[in-house]
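Visitor: model.pdb is the file, holding PDB, C-alpha atoms:
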```pdb
ATOM      1  CA  MET R  15     118.655 -97.725  83.618
ATOM      2  CA  ARG R  16     120.216-100.500  81.593
ATOM      3  CA  GLN R  17     118.709 -99.167  78.407
ATOM      4  CA  SER R  18     120.777 -96.012  78.701
ATOM      5  CA  GLY R  19     123.945 -98.107  79.059
ATOM      6  CA  ASN R  20     125.301 -95.938  81.879
ATOM      7  CA  ILE R  21     126.215 -98.218  84.776
ATOM      8  CA  TYR R  22     127.443 -95.228  86.782
ATOM      9  CA  LYS R  23     123.922 -93.848  87.082
ATOM     10  CA  SER R  24     122.748 -97.215  88.436
ATOM     11  CA  ILE R  25     125.570 -97.413  90.945
ATOM     12  CA  SER R  26     124.973 -93.832  92.102
ATOM     13  CA  ARG R  27     121.296 -94.548  92.726
ATOM     14  CA  GLN R  28     121.381 -98.093  94.054
ATOM     15  CA  GLY R  29     124.973 -98.725  95.118
ATOM     16  CA  ARG R  30     124.531 -97.948  98.812
ATOM     17  CA  LYS R  31     122.298-100.935  99.413
ATOM     18  CA  PHE R  32     125.149-103.121  98.095
ATOM     19  CA  GLY R  33     127.878-101.249  99.961
ATOM     20  CA  LEU R  34     129.130 -99.511  96.819
ATOM     21  CA  GLY R  35     129.979 -95.885  96.252
ATOM     22  CA  LEU R  36     131.454 -93.760  93.511
ATOM     23  CA  CYS R  37     134.239 -91.254  93.297
ATOM     24  CA  VAL R  38     133.635 -89.023  90.282
ATOM     25  CA  ILE R  39     136.514 -86.870  89.063
ATOM     26  CA  SER R  40     136.336 -84.446  86.183
ATOM     27  CA  GLN R  41     137.888 -81.183  85.081
ATOM     28  CA  GLN R  42     134.482 -80.022  83.891
ATOM     29  CA  VAL R  43     131.337 -80.240  85.978
ATOM     30  CA  SER R  44     129.264 -80.106  82.793
ATOM     31  CA  SER R  45     130.716 -83.427  81.604
ATOM     32  CA  ILE R  46     129.143 -85.266  84.565
ATOM     33  CA  HIS R  47     125.608 -86.536  83.993
ATOM     34  CA  PRO R  48     122.974 -84.659  86.059
ATOM     35  CA  ALA R  49     121.758 -87.953  87.559
ATOM     36  CA  LEU R  50     125.236 -88.522  88.987
ATOM     37  CA  LEU R  51     125.558 -84.947  90.233
ATOM     38  CA  SER R  52     122.289 -85.244  92.128
ATOM     39  CA  GLN R  53     123.601 -88.271  94.062
ATOM     40  CA  ILE R  54     126.954 -86.828  95.142
ATOM     41  CA  ASN R  55     127.234 -86.385  98.926
ATOM     42  CA  THR R  56     130.670 -84.755  99.082
ATOM     43  CA  GLN R  57     131.907 -82.402  96.412
ATOM     44  CA  ILE R  58     135.467 -81.083  96.158
ATOM     45  CA  SER R  59     135.683 -78.184  93.742
ATOM     46  CA  LEU R  60     138.957 -76.669  92.611
ATOM     47  CA  ALA R  61     139.468 -73.416  90.711
ATOM     48  CA  LEU R  62     137.004 -72.923  87.869
ATOM     49  CA  GLY R  63     137.392 -70.084  85.393
ATOM     50  CA  ASN R  64     134.349 -70.641  83.216
ATOM     51  CA  SER R  65     131.207 -68.945  84.568
ATOM     52  CA  SER R  66     128.881 -71.697  83.345
ATOM     53  CA  GLU R  67     131.025 -74.354  85.088
ATOM     54  CA  ILE R  68     130.992 -72.300  88.298
ATOM     55  CA  ASP R  69     127.205 -71.926  88.125
ATOM     56  CA  LEU R  70     126.788 -75.675  87.586
ATOM     57  CA  ALA R  71     129.132 -76.479  90.502
ATOM     58  CA  ILE R  72     127.089 -74.183  92.740
ATOM     59  CA  LYS R  73     123.786 -75.627  91.515
ATOM     60  CA  SER R  74     124.888 -79.249  91.981
ATOM     61  CA  SER R  75     126.362 -78.727  95.439
ATOM     62  CA  SER R  76     124.619 -80.403  98.368
ATOM     63  CA  ARG R  77     124.759 -77.057 100.241
ATOM     64  CA  ASP R  78     124.202 -73.461  99.219
ATOM     65  CA  ILE R  79     127.618 -72.199  98.163
ATOM     66  CA  SER R  80     126.427 -69.264  96.078
ATOM     67  CA  GLU R  81     128.384 -66.906  98.352
ATOM     68  CA  PHE R  82     131.577 -68.651  97.210
ATOM     69  CA  LYS R  83     131.012 -67.847  93.530
ATOM     70  CA  SER R  84     133.843 -65.314  93.350
ATOM     71  CA  GLU R  85     136.203 -67.713  95.187
ATOM     72  CA  PHE R  86     136.179 -70.210  92.307
ATOM     73  CA  LYS R  87     138.115 -67.810  90.078
ATOM     74  CA  VAL R  88     140.781 -66.898  92.642
ATOM     75  CA  LEU R  89     141.574 -70.291  94.169
ATOM     76  CA  ASN R  90     145.268 -71.083  93.861
ATOM     77  CA  ARG R  91     146.813 -74.395  92.918
ATOM     78  CA  GLY R  92     145.999 -76.971  95.608
ATOM     79  CA  GLU R  93     143.095 -74.966  97.045
ATOM     80  CA  GLY R  94     139.451 -75.935  96.829
ATOM     81  CA  ILE R  95     135.998 -75.812  98.359
ATOM     82  CA  ILE R  96     134.485 -78.857 100.061
ATOM     83  CA  THR R  97     130.751 -79.262 100.518
ATOM     84  CA  THR R  98     129.028 -82.264 101.984
ATOM     85  CA  SER R  99     125.461 -83.258 102.714
ATOM     86  CA  TYR R 100     126.124 -83.871 106.420
ATOM     87  CA  LYS R 101     127.761 -80.508 107.260
ATOM     88  CA  ASN R 102     125.958 -77.196 107.048
ATOM     89  CA  LEU R 103     128.896 -75.046 106.022
ATOM     90  CA  PRO R 104     131.283 -75.519 103.115
ATOM     91  CA  PHE R 105     134.930 -74.771 103.753
ATOM     92  CA  VAL R 106     137.964 -73.745 101.750
ATOM     93  CA  PHE R 107     141.030 -75.974 102.044
ATOM     94  CA  LYS R 108     144.642 -76.014 100.908
ATOM     95  CA  ALA R 109     146.170 -79.386 100.109
ATOM     96  CA  PRO R 110     149.933 -79.973 100.113
ATOM     97  CA  LEU R 111     151.291 -79.895  96.583
ATOM     98  CA  PHE R 112     152.670 -83.166  95.301
ATOM     99  CA  ASP R 113     155.590 -81.295  93.717
ATOM    100  CA  ASN R 114     156.820 -80.179  97.135
ATOM    101  CA  GLU R 115     156.456 -83.661  98.633
ATOM    102  CA  PHE R 116     158.260 -85.200  95.672
ATOM    103  CA  ARG R 117     161.059 -82.618  95.826
ATOM    104  CA  GLU R 118     161.619 -83.267  99.538
ATOM    105  CA  THR R 119     161.782 -87.026  98.901
ATOM    106  CA  GLN R 120     164.232 -86.546  96.032
ATOM    107  CA  ASP R 121     166.432 -84.301  98.193
ATOM    108  CA  PHE R 122     166.375 -86.923 100.943
ATOM    109  CA  TYR R 123     167.540 -89.690  98.600
ATOM    110  CA  ASN R 124     170.154 -87.431  96.997
ATOM    111  CA  ARG R 125     171.647 -86.798 100.447
ATOM    112  CA  LEU R 126     171.607 -90.511 101.195
ATOM    113  CA  GLU R 127     173.546 -91.323  98.050
ATOM    114  CA  HIS R 128     176.455 -89.285  99.340
ATOM    115  CA  GLU R 129     176.265 -90.472 102.952
ATOM    116  CA  LEU R 130     175.446 -94.204 102.668
ATOM    117  CA  ILE R 131     176.821 -97.009 100.585
ATOM    118  CA  PRO R 132     174.571 -97.923  97.616
ATOM    119  CA  GLY R 133     173.282-101.213  99.083
ATOM    120  CA  GLU R 134     171.939 -99.457 102.145
ATOM    121  CA  ILE R 135     169.971 -97.004  99.980
ATOM    122  CA  GLU R 136     168.072 -99.801  98.202
ATOM    123  CA  ASP R 137     167.333-101.474 101.549
ATOM    124  CA  LEU R 138     166.003 -98.200 102.922
ATOM    125  CA  ARG R 139     163.783 -97.619  99.860
ATOM    126  CA  GLU R 140     162.312-101.109 100.139
ATOM    127  CA  THR R 141     161.484-100.776 103.835
ATOM    128  CA  GLU R 142     160.052 -97.274 103.421
ATOM    129  CA  PHE R 143     157.265 -98.514 101.142
ATOM    130  CA  ASP R 144     156.396-101.723 103.025
TER     131      ASP R 144
END
```
Can the structure from this file be put into structure tokens for me?

Guide:
Amino acid sequence: MRQSGNIYKSISRQGRKFGLGLCVISQQVSSIHPALLSQINTQISLALGNSSEIDLAIKSSSRDISEFKSEFKVLNRGEGIITTSYKNLPFVFKAPLFDNEFRETQDFYNRLEHELIPGEIEDLRETEFD
């Protein structure tokens, strides 16, 4: 393990006994080492357009998701497929888009600027994130 210089492979194989885990994020499944892919318990896959990437995502999944192959190309922004080793069925999800959340927050603060005095706005921002 140490000879290869990849600490992530060591953590993925032995981390559980030390209470460690990994979160691996990549835009390309092929860029993740096969040793890491084989240790992943939960996989969240977003839209993939490349057929070889789709095939690798299906192959590395902890469950058989071959029936979802066509879904990878038509997933919209914020949609994905979750597979996990402790559930038999994968499922498609839709996550809220950050843009919408950010826009709603900006609109909220823009309204406040016209309705409250400036000092109250800063106080509100500070308490909101405590």

Visitor: How many Å separate CA of Ser26 in chain R from CA of Pro48 in chain R?

Guide: 11.2 Å

Visitor: CA of Ile39 in chain R and CA of Lys83 in chain R, how far apart in Å?

Guide: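 For CA of Lys83 in chain R relative to CA of Ile39 in chain R, the distance reads 20.3 Å.
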
Visitor: CA of Lys23 in chain R and CA of Val38 in chain R are how many Å apart?

Guide: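 Taking CA of Lys23 in chain R as the start and CA of Val38 in chain R as the end point, the length is 11.3 Å.
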
Visitor: Would you please work out which residue, of R:Asn64, R:Leu103, R:Ser75, R:Leu34, is nearest to Ser52 in chain R when using all atoms listed in the file?

Guide: R:Ser75

Visitor: I need the residue set behind the PyMOL selection byres ((chain R and resi 96) around 8) for this file; please write it as a PyMOL selection string.

Guide: chain R and resi 56-59+94-95+97-98+104-107

Visitor: Report as a PyMOL selection string the full result of the PyMOL selection byres ((chain R and resi 85) around 12) when it is applied to this structure.

Guide: chain R and resi 59-63+65+68+72+79-84+86-90+93-95+105-107

Visitor: Based on the selection just made, write C-alpha atoms of those residues as a PDB file, in the frame of the given file.

Guide:
```
ATOM      1  CA  SER R  59     135.683 -78.184  93.742  1.00  0.00           C
ATOM      2  CA  LEU R  60     138.957 -76.669  92.611  1.00  0.00           C
ATOM      3  CA  ALA R  61     139.468 -73.416  90.711  1.00  0.00           C
ATOM      4  CA  LEU R  62     137.004 -72.923  87.869  1.00  0.00           C
ATOM      5  CA  GLY R  63     137.392 -70.084  85.393  1.00  0.00           C
ATOM      6  CA  SER R  65     131.207 -68.945  84.568  1.00  0.00           C
ATOM      7  CA  ILE R  68     130.992 -72.300  88.298  1.00  0.00           C
ATOM      8  CA  ILE R  72     127.089 -74.183  92.740  1.00  0.00           C
ATOM      9  CA  ILE R  79     127.618 -72.199  98.163  1.00  0.00           C
ATOM     10  CA  SER R  80     126.427 -69.264  96.078  1.00  0.00           C
ATOM     11  CA  GLU R  81     128.384 -66.906  98.352  1.00  0.00           C
ATOM     12  CA  PHE R  82     131.577 -68.651  97.210  1.00  0.00           C
ATOM     13  CA  LYS R  83     131.012 -67.847  93.530  1.00  0.00           C
ATOM     14  CA  SER R  84     133.843 -65.314  93.350  1.00  0.00           C
ATOM     15  CA  PHE R  86     136.179 -70.210  92.307  1.00  0.00           C
ATOM     16  CA  LYS R  87     138.115 -67.810  90.078  1.00  0.00           C
ATOM     17  CA  VAL R  88     140.781 -66.898  92.642  1.00  0.00           C
ATOM     18  CA  LEU R  89     141.574 -70.291  94.169  1.00  0.00           C
ATOM     19  CA  ASN R  90     145.268 -71.083  93.861  1.00  0.00           C
ATOM     20  CA  GLU R  93     143.095 -74.966  97.045  1.00  0.00           C
ATOM     21  CA  GLY R  94     139.451 -75.935  96.829  1.00  0.00           C
ATOM     22  CA  ILE R  95     135.998 -75.812  98.359  1.00  0.00           C
ATOM     23  CA  PHE R 105     134.930 -74.771 103.753  1.00  0.00           C
ATOM     24  CA  VAL R 106     137.964 -73.745 101.750  1.00  0.00           C
ATOM     25  CA  PHE R 107     141.030 -75.974 102.044  1.00  0.00           C
TER      26      PHE R 107
END
```
